[in-house]
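Input: a single structure, listed below in structure tokens.
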Amino acid sequence: GEVYTPPLYASILEGVTRDSILQLFKNELQIEVNVTDLTRSELYKADEVFICGTAGEVTPVVKIDSTIIGDGKPGEITRKIQKKYLDTVYGKNKKYLHWLTPVY
């Protein structure tokens with residue numbers, strides 16, 4: 001029921017996608033996001049893992065090195081945030097239309 005993400009100084013980029021997802025977790029899913037350093041072993045033990053970015057949007061990670069994450073399938077929280085994010089960027093979530101720029 002909680003999400004963990006590394007801080008910006010930890011070799012990740014500050015970006016619109018990450019910021020959008022963090023806001024959607026808080027405002028739409030009411031899931032707490034913890035910003036903290038993460039070790040590889042913590043990722044191995046996670047129930048689920050995803051990465052995000054402009055090109056990949058929200059991408060489930062089901063295996064790291066030779067370790068299967070969770071049950072080896074995209075998890076429930078990952079699927080929920082994927083749907084919320086895609087609904088938002090495709091204009092289906094009217095609450096966030098101000099995030100979008102129409103292209104004609």
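Naming works like this for the structure tokens: A, B, ... for the chains as they're shown, residue 1 at the start of each chain, ligands 1 onward in shown order.
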
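Using only C-alpha atoms, the protein and nucleic acid residues lying no more than 8 Å from Ile21 (chain A), apart from those fewer than 4 places from it along its own chain, are Thr17, Phe25, Ile81 and Tyr85 of chain A.
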
- Message: List as a count of residues only the protein and nucleic acid residues near region 46-49 of chain A, meaning an atom at most 8 Å away when only C-alpha atoms are counted, but skip any in the same chain fewer than 4 places from it.
- Response: 10

- Restricting the calculation to only C-alpha atoms, which member of A:Ser20, A:Tyr44, A:Tyr104, A:Val89 is positioned closest to Gly72 (chain A)? A:Tyr44

- Message: Among region 3-54 of chain A, which residues does DSSP mark as strand (DSSP E or B) when it is run on the backbone? Keep the chain and numbering as in the structure and answer as a list in words.
- Response: Val3, Tyr4, Thr5, Glu32, Val33, Asn34, Val35, Val49, Phe50, Ile51, Cys52 and Gly53 of chain A

- Message: Between CA of Val33 (chain A) and CA of Pro7 (chain A), what is the distance in Å, rounded to a tenth?
- Response: 11.3 Å

- Got a sec: who's within 9 Å of Leu100 (chain A), counting only C-alpha atoms, leaving out chain neighbours fewer than 2 positions off, as an MDAnalysis selection string? chainID A and resid 88:91 96:98 102

- Distance in Å - CA of Glu2 (chain A) versus CA of Asn93 (chain A):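 For CA of Glu2 (chain A) relative to CA of Asn93 (chain A), the distance reads 23.0 Å.
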